[in-house]
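Peer 1: Attaching a single structure in structure tokens format; questions to follow.
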Amino acid sequence: MEKTNKLVKSSLGRRKFLSNTALATLGAIGSSGIITSCSDTGKKHLKLPALLTQAPAGKTLNAGLIGCGGRGTGAAVNFLDAGPDLHITALGDIFQDKLDQCRAELKKEKNIEIPDDKCFIGFDAYQKVIDSGVDVVLLCTPPHFRPLHVEAAVNAGKHIFMEKPIAVDPVGARKVLVSVKRAQEKGLCMISGTIRRVQKDFMETWRWVANGEIGDIVSAHITRNGGMVWVIKRRPEWSDMEYMLRNWVNFCWLSGDHIVEQFIHEIDVMNWYLGRIPVRARAWGGRQRRVTGDQYDFFSVEYIYDNSMHTHCVARQITGCDNLTEQFIVGTKGFANAKGTLYNLKGEEIWKYPYPEEGSKDETWKITDPYVQEHINLVTGIRTGNTVNDGEAQVNSTLICIMGRMSAYTGKDVTWEEVMSSDMSLGPKTYEFGPVTGIPEVPPVIGVEPNLT
């Protein structure tokens, strides 16, 4: 464990964060090893890799899907859409009904038949998929299981798509970082599910900002407010474990809470732009409308950096409120909406991403579905031998989200050093259907109760 902690701390030192995270996209999505601008927009400095709209032809690649829910089924379809000679040949899930639904959807959408002997059920289904003869694994289970599954896939020499986030606690995140390093040593490709870094409008906006168009970055304001994702009502015949697994998005040990499971997309954008690890998180949160599970439904986090910069991140999952997803980056000369607009300090628009008009045949600025683009990048890396691996950037973003959650759950400031040395490991020690002790279905309560006199 001491050796692992030294590796993790060395890899995630603040001085290395810029090269490892802010510029990670350039190494992770280069399609041919030749760096080129998306097109000529007048910026003559930092350039971006060309984004392919389809992976090149090459050896047939067979993928196994681990986690057959909605996102997993979607990821399987996205993989198939990424290029020629791509196949889904194995499925694994804890629940038979989830696997059956996925199997039926793949038949309906892609006319794919997955044979019975390549369909695996149970807590060990992940290993059976990995051992089924696949080249690639798509890891789409609840994120609690990601560290275990990533480690097994790397040990078996498989290329990996791992859905975000990569862990729900510091111990799991550090474990994934070790696997990321081993994957690099083995020449394995690894792509994660934080999609903003492969969206052409986000990428081009980042390029302008990285080239100094809004000056030096001094702050960021990050928002993801939306309704409740979904909720599963407990059935009398379900054990604690089955209920929690079926309702996983509402339990912290399985999802990491929505600040980790969903808000990571936006916090990852902030990390990409800033290129810094915050030294401290100061957070607030609570619960007003969530009806199951043990999580909060709103967060507000102030991240503080070693240069005294502060950023503010807010997230809410409450139906019936105003919704907004936005990433504003503030500089000394202006500010950016990361999705595609730059402003000067007067609030005047100075650049906007040239979204193509409907029906336009010019594909210069067309944006490929990012859920497909990430698989295009993965397959391209495998087939060209130009290894892609953005795992460390996702570890960083996951840990920064966890840092905010830890602060909100305790009502206390949490430092980066505390996160990196934390022995927090969420969830039961063994996986079996039956009672789950020590995880009450109640949200955290901060502070102490006032003494009434």
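Going through the structure tokens in order, the chains are called A, B, and so on, while each chain numbers its residues from 1 and the ligands are numbered from 1 in the order shown.
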With the cut-off set at 9 Å and counting only C-alpha atoms, tabulate each residue of region 50-82 of chain A with an atom at most that distance from an atom of region 86-94 of chain A, showing the nearest atom pair and its distance in Å to one decimal, ordered by chain and increasing number, as CSV.

Peer 2:
```
residue,atom,partner,partner_atom,distance
A:Lys59,CA,A:Leu86,CA,8.9
A:Thr60,CA,A:Leu86,CA,6.0
A:Leu61,CA,A:Leu86,CA,5.2
A:Asn62,CA,A:His87,CA,4.8
A:Ala63,CA,A:Ile88,CA,4.8
A:Gly64,CA,A:Ala90,CA,4.5
A:Leu65,CA,A:Leu91,CA,4.9
A:Ile66,CA,A:Gly92,CA,4.8
A:Gly67,CA,A:Asp93,CA,5.0
A:Cys68,CA,A:Asp93,CA,5.8
A:Gly69,CA,A:Asp93,CA,8.4
A:Ala76,CA,A:Ile88,CA,7.0
A:Val77,CA,A:Ile88,CA,8.8
A:Phe79,CA,A:Leu86,CA,7.4
A:Leu80,CA,A:Leu86,CA,5.6
A:Asp81,CA,A:Leu86,CA,8.3
A:Ala82,CA,A:Leu86,CA,7.9
```

Peer 1: Could you pull out the helix (DSSP H, G or I) residues of region 274-373 of chain A, going by DSSP on the backbone, and write them as a ChimeraX atom specification?

Peer 2: /A:274,370-373

Peer 1: Go ahead and save the residues from that selection, with N, CA and C atoms, as a PDB file, in the first residue's frame.

Peer 2:
```pdb
ATOM      1  N   LEU A 274      -8.432  24.847 -16.308  1.00  0.00           N
ATOM      2  CA  LEU A 274      -7.570  25.430 -15.284  1.00  0.00           C
ATOM      3  C   LEU A 274      -6.210  24.752 -15.212  1.00  0.00           C
ATOM      4  N   PRO A 370     -20.674  12.910 -29.357  1.00  0.00           N
ATOM      5  CA  PRO A 370     -19.504  12.613 -28.519  1.00  0.00           C
ATOM      6  C   PRO A 370     -19.530  11.211 -27.921  1.00  0.00           C
ATOM      7  N   TYR A 371     -20.737  10.645 -27.750  1.00  0.00           N
ATOM      8  CA  TYR A 371     -20.815   9.279 -27.229  1.00  0.00           C
ATOM      9  C   TYR A 371     -20.290   8.267 -28.251  1.00  0.00           C
ATOM     10  N   VAL A 372     -20.319   8.631 -29.525  1.00  0.00           N
ATOM     11  CA  VAL A 372     -19.713   7.804 -30.567  1.00  0.00           C
ATOM     12  C   VAL A 372     -18.247   8.194 -30.756  1.00  0.00           C
ATOM     13  N   GLN A 373     -17.955   9.503 -30.662  1.00  0.00           N
ATOM     14  CA  GLN A 373     -16.590   9.989 -30.899  1.00  0.00           C
ATOM     15  C   GLN A 373     -15.591   9.328 -29.959  1.00  0.00           C
TER      16      GLN A 373
END
```

Peer 1: Would you tabulate, counting only C-alpha atoms, all residues of region 343-420 of chain A that have an atom at most 10 Å from an atom of region 160-166 of chain A, showing the closest pair of atoms and their distance in Å to one decimal, sorted by chain then ascending number, as JSON lines?

Peer 2:
```
{"residue": "A:Glu374", "atom": "CA", "partner": "A:Phe161", "partner_atom": "CA", "distance": 8.6}
{"residue": "A:His375", "atom": "CA", "partner": "A:Phe161", "partner_atom": "CA", "distance": 7.7}
{"residue": "A:Leu378", "atom": "CA", "partner": "A:Phe161", "partner_atom": "CA", "distance": 7.6}
{"residue": "A:Asn389", "atom": "CA", "partner": "A:Ile160", "partner_atom": "CA", "distance": 9.2}
{"residue": "A:Gly391", "atom": "CA", "partner": "A:Ile166", "partner_atom": "CA", "distance": 8.7}
{"residue": "A:Gln394", "atom": "CA", "partner": "A:Ile166", "partner_atom": "CA", "distance": 7.0}
{"residue": "A:Val395", "atom": "CA", "partner": "A:Ile166", "partner_atom": "CA", "distance": 6.7}
{"residue": "A:Asn396", "atom": "CA", "partner": "A:Ile166", "partner_atom": "CA", "distance": 10.0}
{"residue": "A:Ser397", "atom": "CA", "partner": "A:Pro165", "partner_atom": "CA", "distance": 8.5}
{"residue": "A:Thr398", "atom": "CA", "partner": "A:Pro165", "partner_atom": "CA", "distance": 6.0}
{"residue": "A:Leu399", "atom": "CA", "partner": "A:Ile166", "partner_atom": "CA", "distance": 9.4}
{"residue": "A:Cys401", "atom": "CA", "partner": "A:Pro165", "partner_atom": "CA", "distance": 9.5}
```

Peer 1: Mind running region 200-224 of chain A against region 332-337 of chain A at 8 Å and telling me each contacting residue's nearest atom pair with the distance in Å (one decimal), counting only C-alpha atoms, chain and number ascending, as a Markdown table?

Peer 2:
```
| residue | atom | partner | partner_atom | distance |
| --- | --- | --- | --- | --- |
| A:Thr205 | CA | A:Ala336 | CA | 7.8 |
| A:Val209 | CA | A:Ala336 | CA | 7.7 |
| A:Glu213 | CA | A:Lys333 | CA | 7.5 |
| A:Ile214 | CA | A:Gly334 | CA | 4.6 |
| A:Gly215 | CA | A:Lys333 | CA | 4.9 |
| A:Asp216 | CA | A:Thr332 | CA | 5.4 |
| A:Ile217 | CA | A:Thr332 | CA | 6.5 |
| A:Val218 | CA | A:Thr332 | CA | 6.7 |
```

Peer 1: Only N, CA and C atoms, please: the residues just picked out, written as a PDB file, in the first residue's frame.

Peer 2:
```
ATOM      1  N   THR A 205     -13.255  25.835 -28.445  1.00  0.00           N
ATOM      2  CA  THR A 205     -13.313  26.918 -27.460  1.00  0.00           C
ATOM      3  C   THR A 205     -12.116  26.841 -26.522  1.00  0.00           C
ATOM      4  N   VAL A 209      -9.036  29.671 -25.759  1.00  0.00           N
ATOM      5  CA  VAL A 209      -8.697  30.107 -24.401  1.00  0.00           C
ATOM      6  C   VAL A 209      -7.250  29.745 -24.076  1.00  0.00           C
ATOM      7  N   GLU A 213      -6.813  33.995 -25.582  1.00  0.00           N
ATOM      8  CA  GLU A 213      -7.804  34.952 -26.092  1.00  0.00           C
ATOM      9  C   GLU A 213      -8.521  35.710 -24.982  1.00  0.00           C
ATOM     10  N   ILE A 214      -8.724  35.088 -23.811  1.00  0.00           N
ATOM     11  CA  ILE A 214      -9.379  35.802 -22.700  1.00  0.00           C
ATOM     12  C   ILE A 214      -8.372  36.092 -21.582  1.00  0.00           C
ATOM     13  N   GLY A 215      -7.099  36.026 -21.896  1.00  0.00           N
ATOM     14  CA  GLY A 215      -6.070  36.331 -20.911  1.00  0.00           C
ATOM     15  C   GLY A 215      -5.818  35.161 -19.979  1.00  0.00           C
ATOM     16  N   ASP A 216      -5.256  35.462 -18.820  1.00  0.00           N
ATOM     17  CA  ASP A 216      -4.989  34.443 -17.817  1.00  0.00           C
ATOM     18  C   ASP A 216      -6.272  34.082 -17.089  1.00  0.00           C
ATOM     19  N   ILE A 217      -6.501  32.803 -16.870  1.00  0.00           N
ATOM     20  CA  ILE A 217      -7.712  32.358 -16.171  1.00  0.00           C
ATOM     21  C   ILE A 217      -7.604  32.698 -14.688  1.00  0.00           C
ATOM     22  N   VAL A 218      -8.663  33.309 -14.161  1.00  0.00           N
ATOM     23  CA  VAL A 218      -8.668  33.717 -12.756  1.00  0.00           C
ATOM     24  C   VAL A 218      -9.800  33.089 -11.951  1.00  0.00           C
TER      25      VAL A 218
END
```

Peer 1: For the structure I just gave you, how does DSSP split region 137-234 of chain A - specifically, which residues are strand (DSSP E)? Reply as a list in words.

Peer 2: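 Here are the strand (DSSP E) residues of region 137-234 of chain A: Val137, Leu138, Leu139, His159, Ile160, Phe161, Met162, Met190, Ile191, Ser192, Ile217, Val218, Ser219, Ala220, His221, Ile222, Thr223, Arg224, Asn225 and Gly226 of chain A.
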
Peer 1: Using only C-alpha atoms, which protein or nucleic acid residues come within 7 Å of region 227-236 of chain A? Drop anything in the same chain fewer than 3 positions from it, and give the result as an MDAnalysis selection string.

Peer 2: chainID A and resid 243 246:247 317:320

Peer 1: Just the number, please: distance in Å from CA of Trp416 (chain A) to CA of Val279 (chain A), one decimal.

Peer 2: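 Result for CA of Trp416 (chain A) versus CA of Val279 (chain A): 5.1 Å, one decimal.
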
Peer 1: Which residue is closest to Thr380 (chain A)? Choose from A:Arg196, A:Lys47, A:His159, A:Lys128 and count only C-alpha atoms.

Peer 2: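 Using only C-alpha atoms, Thr380 (chain A) sits closest to A:His159.
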
Peer 1: Please provide as a VMD selection string all residues within 12 Å of region 148-150 of chain A, with the sequence filter that same-chain residues fewer than 3 positions apart are discarded (counting only C-alpha atoms).

Peer 2: chain A and resid 65 to 67 92 123 to 130 136 to 145 153 to 163 166 to 167 171 to 183 188 190 to 192 391

Peer 1: Could you turn the residues from that selection into a file that holds N, CA and C atoms, as a short mmCIF file (atom, residue, chain, number, x, y, z; two decimals), in the first residue's frame?

Peer 2:
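What ended up in out.cif:
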```cif
data_model
loop_
_atom_site.label_atom_id
_atom_site.label_comp_id
_atom_site.auth_asym_id
_atom_site.auth_seq_id
_atom_site.Cartn_x
_atom_site.Cartn_y
_atom_site.Cartn_z
N LEU A 65 -19.55 -6.31 -23.23
CA LEU A 65 -20.21 -5.29 -22.41
C LEU A 65 -20.41 -5.81 -21.00
N ILE A 66 -19.92 -5.05 -20.03
CA ILE A 66 -20.10 -5.38 -18.62
C ILE A 66 -20.97 -4.30 -18.00
N GLY A 67 -22.21 -4.63 -17.70
CA GLY A 67 -23.20 -3.66 -17.22
C GLY A 67 -24.19 -3.36 -18.33
N GLY A 92 -22.47 -9.16 -19.89
CA GLY A 92 -22.45 -9.55 -18.49
C GLY A 92 -23.21 -8.57 -17.63
N PHE A 123 -22.27 -11.68 -9.86
CA PHE A 123 -21.22 -10.75 -9.44
C PHE A 123 -19.88 -11.05 -10.11
N ASP A 124 -19.71 -12.26 -10.62
CA ASP A 124 -18.47 -12.62 -11.32
C ASP A 124 -18.62 -12.56 -12.84
N ALA A 125 -19.73 -12.01 -13.32
CA ALA A 125 -19.97 -11.96 -14.77
C ALA A 125 -18.88 -11.15 -15.47
N TYR A 126 -18.34 -10.13 -14.80
CA TYR A 126 -17.32 -9.29 -15.42
C TYR A 126 -16.10 -10.11 -15.83
N GLN A 127 -15.68 -11.03 -14.96
CA GLN A 127 -14.51 -11.84 -15.27
C GLN A 127 -14.80 -12.81 -16.41
N LYS A 128 -16.01 -13.32 -16.47
CA LYS A 128 -16.38 -14.25 -17.53
C LYS A 128 -16.42 -13.54 -18.88
N VAL A 129 -16.87 -12.30 -18.90
CA VAL A 129 -16.83 -11.52 -20.15
C VAL A 129 -15.39 -11.27 -20.56
N ILE A 130 -14.56 -10.86 -19.62
CA ILE A 130 -13.15 -10.60 -19.91
C ILE A 130 -12.47 -11.85 -20.47
N VAL A 136 -11.81 -5.95 -26.44
CA VAL A 136 -12.16 -4.69 -25.77
C VAL A 136 -13.24 -4.98 -24.75
N VAL A 137 -13.19 -4.28 -23.60
CA VAL A 137 -14.30 -4.36 -22.64
C VAL A 137 -14.90 -2.97 -22.46
N LEU A 138 -16.20 -2.93 -22.38
CA LEU A 138 -16.95 -1.70 -22.12
C LEU A 138 -17.48 -1.79 -20.70
N LEU A 139 -16.93 -0.96 -19.81
CA LEU A 139 -17.23 -1.04 -18.38
C LEU A 139 -18.31 -0.02 -18.04
N CYS A 140 -19.53 -0.51 -17.84
CA CYS A 140 -20.69 0.38 -17.68
C CYS A 140 -21.57 0.00 -16.50
N THR A 141 -21.02 -0.68 -15.52
CA THR A 141 -21.76 -0.99 -14.31
C THR A 141 -21.86 0.25 -13.43
N PRO A 142 -22.62 0.20 -12.33
CA PRO A 142 -22.52 1.29 -11.34
C PRO A 142 -21.06 1.52 -10.97
N PRO A 143 -20.63 2.77 -10.81
CA PRO A 143 -19.20 3.09 -10.68
C PRO A 143 -18.50 2.49 -9.48
N HIS A 144 -19.22 2.05 -8.47
CA HIS A 144 -18.56 1.39 -7.34
C HIS A 144 -17.66 0.25 -7.81
N PHE A 145 -18.09 -0.47 -8.84
CA PHE A 145 -17.38 -1.66 -9.29
C PHE A 145 -16.25 -1.34 -10.28
N ALA A 153 -9.47 -6.10 -16.17
CA ALA A 153 -9.31 -5.95 -17.61
C ALA A 153 -7.86 -5.67 -17.99
N VAL A 154 -7.20 -4.81 -17.24
CA VAL A 154 -5.79 -4.51 -17.52
C VAL A 154 -4.94 -5.76 -17.30
N ASN A 155 -5.19 -6.48 -16.23
CA ASN A 155 -4.43 -7.70 -15.97
C ASN A 155 -4.57 -8.70 -17.12
N ALA A 156 -5.74 -8.70 -17.76
CA ALA A 156 -6.00 -9.63 -18.86
C ALA A 156 -5.55 -9.07 -20.20
N GLY A 157 -5.02 -7.85 -20.23
CA GLY A 157 -4.51 -7.27 -21.46
C GLY A 157 -5.59 -6.79 -22.42
N LYS A 158 -6.73 -6.30 -21.89
CA LYS A 158 -7.82 -5.85 -22.73
C LYS A 158 -7.79 -4.32 -22.87
N HIS A 159 -8.18 -3.84 -24.05
CA HIS A 159 -8.42 -2.42 -24.23
C HIS A 159 -9.73 -2.07 -23.53
N ILE A 160 -9.86 -0.80 -23.09
CA ILE A 160 -10.93 -0.47 -22.15
C ILE A 160 -11.65 0.82 -22.53
N PHE A 161 -12.99 0.75 -22.53
CA PHE A 161 -13.82 1.94 -22.40
C PHE A 161 -14.40 1.88 -21.00
N MET A 162 -14.16 2.92 -20.19
CA MET A 162 -14.70 2.93 -18.83
C MET A 162 -15.59 4.16 -18.67
N GLU A 163 -16.84 3.90 -18.40
CA GLU A 163 -17.78 5.00 -18.20
C GLU A 163 -17.42 5.78 -16.96
N ILE A 166 -14.85 6.93 -12.37
CA ILE A 166 -14.08 5.68 -12.28
C ILE A 166 -14.03 5.12 -10.87
N ALA A 167 -14.67 5.80 -9.92
CA ALA A 167 -14.67 5.32 -8.53
C ALA A 167 -15.66 6.17 -7.75
N VAL A 171 -9.99 5.48 -2.11
CA VAL A 171 -9.27 4.22 -2.25
C VAL A 171 -9.47 3.65 -3.65
N GLY A 172 -10.71 3.68 -4.12
CA GLY A 172 -11.00 3.17 -5.46
C GLY A 172 -10.33 3.98 -6.55
N ALA A 173 -10.33 5.30 -6.41
CA ALA A 173 -9.72 6.16 -7.42
C ALA A 173 -8.22 5.91 -7.51
N ARG A 174 -7.57 5.77 -6.37
CA ARG A 174 -6.13 5.50 -6.39
C ARG A 174 -5.83 4.14 -7.01
N LYS A 175 -6.73 3.19 -6.78
CA LYS A 175 -6.56 1.86 -7.37
C LYS A 175 -6.65 1.95 -8.90
N VAL A 176 -7.58 2.76 -9.40
CA VAL A 176 -7.69 2.92 -10.85
C VAL A 176 -6.44 3.57 -11.42
N LEU A 177 -5.86 4.53 -10.71
CA LEU A 177 -4.66 5.18 -11.22
C LEU A 177 -3.53 4.17 -11.41
N VAL A 178 -3.40 3.24 -10.49
CA VAL A 178 -2.39 2.19 -10.64
C VAL A 178 -2.67 1.38 -11.90
N SER A 179 -3.96 1.06 -12.14
CA SER A 179 -4.32 0.32 -13.35
C SER A 179 -4.05 1.12 -14.61
N VAL A 180 -4.28 2.44 -14.54
CA VAL A 180 -4.00 3.31 -15.69
C VAL A 180 -2.52 3.23 -16.05
N LYS A 181 -1.65 3.29 -15.05
CA LYS A 181 -0.21 3.23 -15.29
C LYS A 181 0.19 1.87 -15.87
N ARG A 182 -0.44 0.81 -15.38
CA ARG A 182 -0.12 -0.52 -15.90
C ARG A 182 -0.60 -0.66 -17.34
N ALA A 183 -1.75 -0.06 -17.65
CA ALA A 183 -2.26 -0.09 -19.02
C ALA A 183 -1.30 0.62 -19.96
N LEU A 188 -1.93 -0.63 -23.74
CA LEU A 188 -3.37 -0.78 -23.90
C LEU A 188 -4.03 0.58 -24.07
N MET A 190 -7.15 3.11 -23.47
CA MET A 190 -8.13 3.30 -22.40
C MET A 190 -8.80 4.66 -22.59
N ILE A 191 -10.10 4.64 -22.79
CA ILE A 191 -10.86 5.88 -22.98
C ILE A 191 -11.98 5.93 -21.95
N SER A 192 -12.20 7.11 -21.39
CA SER A 192 -13.22 7.28 -20.36
C SER A 192 -14.41 8.08 -20.88
N GLY A 391 -7.01 8.03 -18.85
CA GLY A 391 -7.45 7.57 -17.53
C GLY A 391 -7.03 8.49 -16.40
#
```

Peer 1: Give me the residues within 8 Å of region 436-442 of chain A as a VMD selection string, counting only C-alpha atoms and dropping any in the same chain fewer than 5 places off.

Peer 2: chain A and resid 240 to 241 292 to 295 427 to 428

Peer 1: In Å, how far is it from CA of Gln262 (chain A) to CA of Phe120 (chain A)?

Peer 2: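 CA of Phe120 (chain A) lies 28.0 Å from CA of Gln262 (chain A).
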
Peer 1: Identify which of the residues A:Thr311, A:Gln184, A:Thr73, A:Ser425 lies closest to Lys108 (chain A), counting only C-alpha atoms when measuring atom-to-atom distances.

Peer 2: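 Among the listed residues, A:Thr73 lies closest to Lys108 (chain A).
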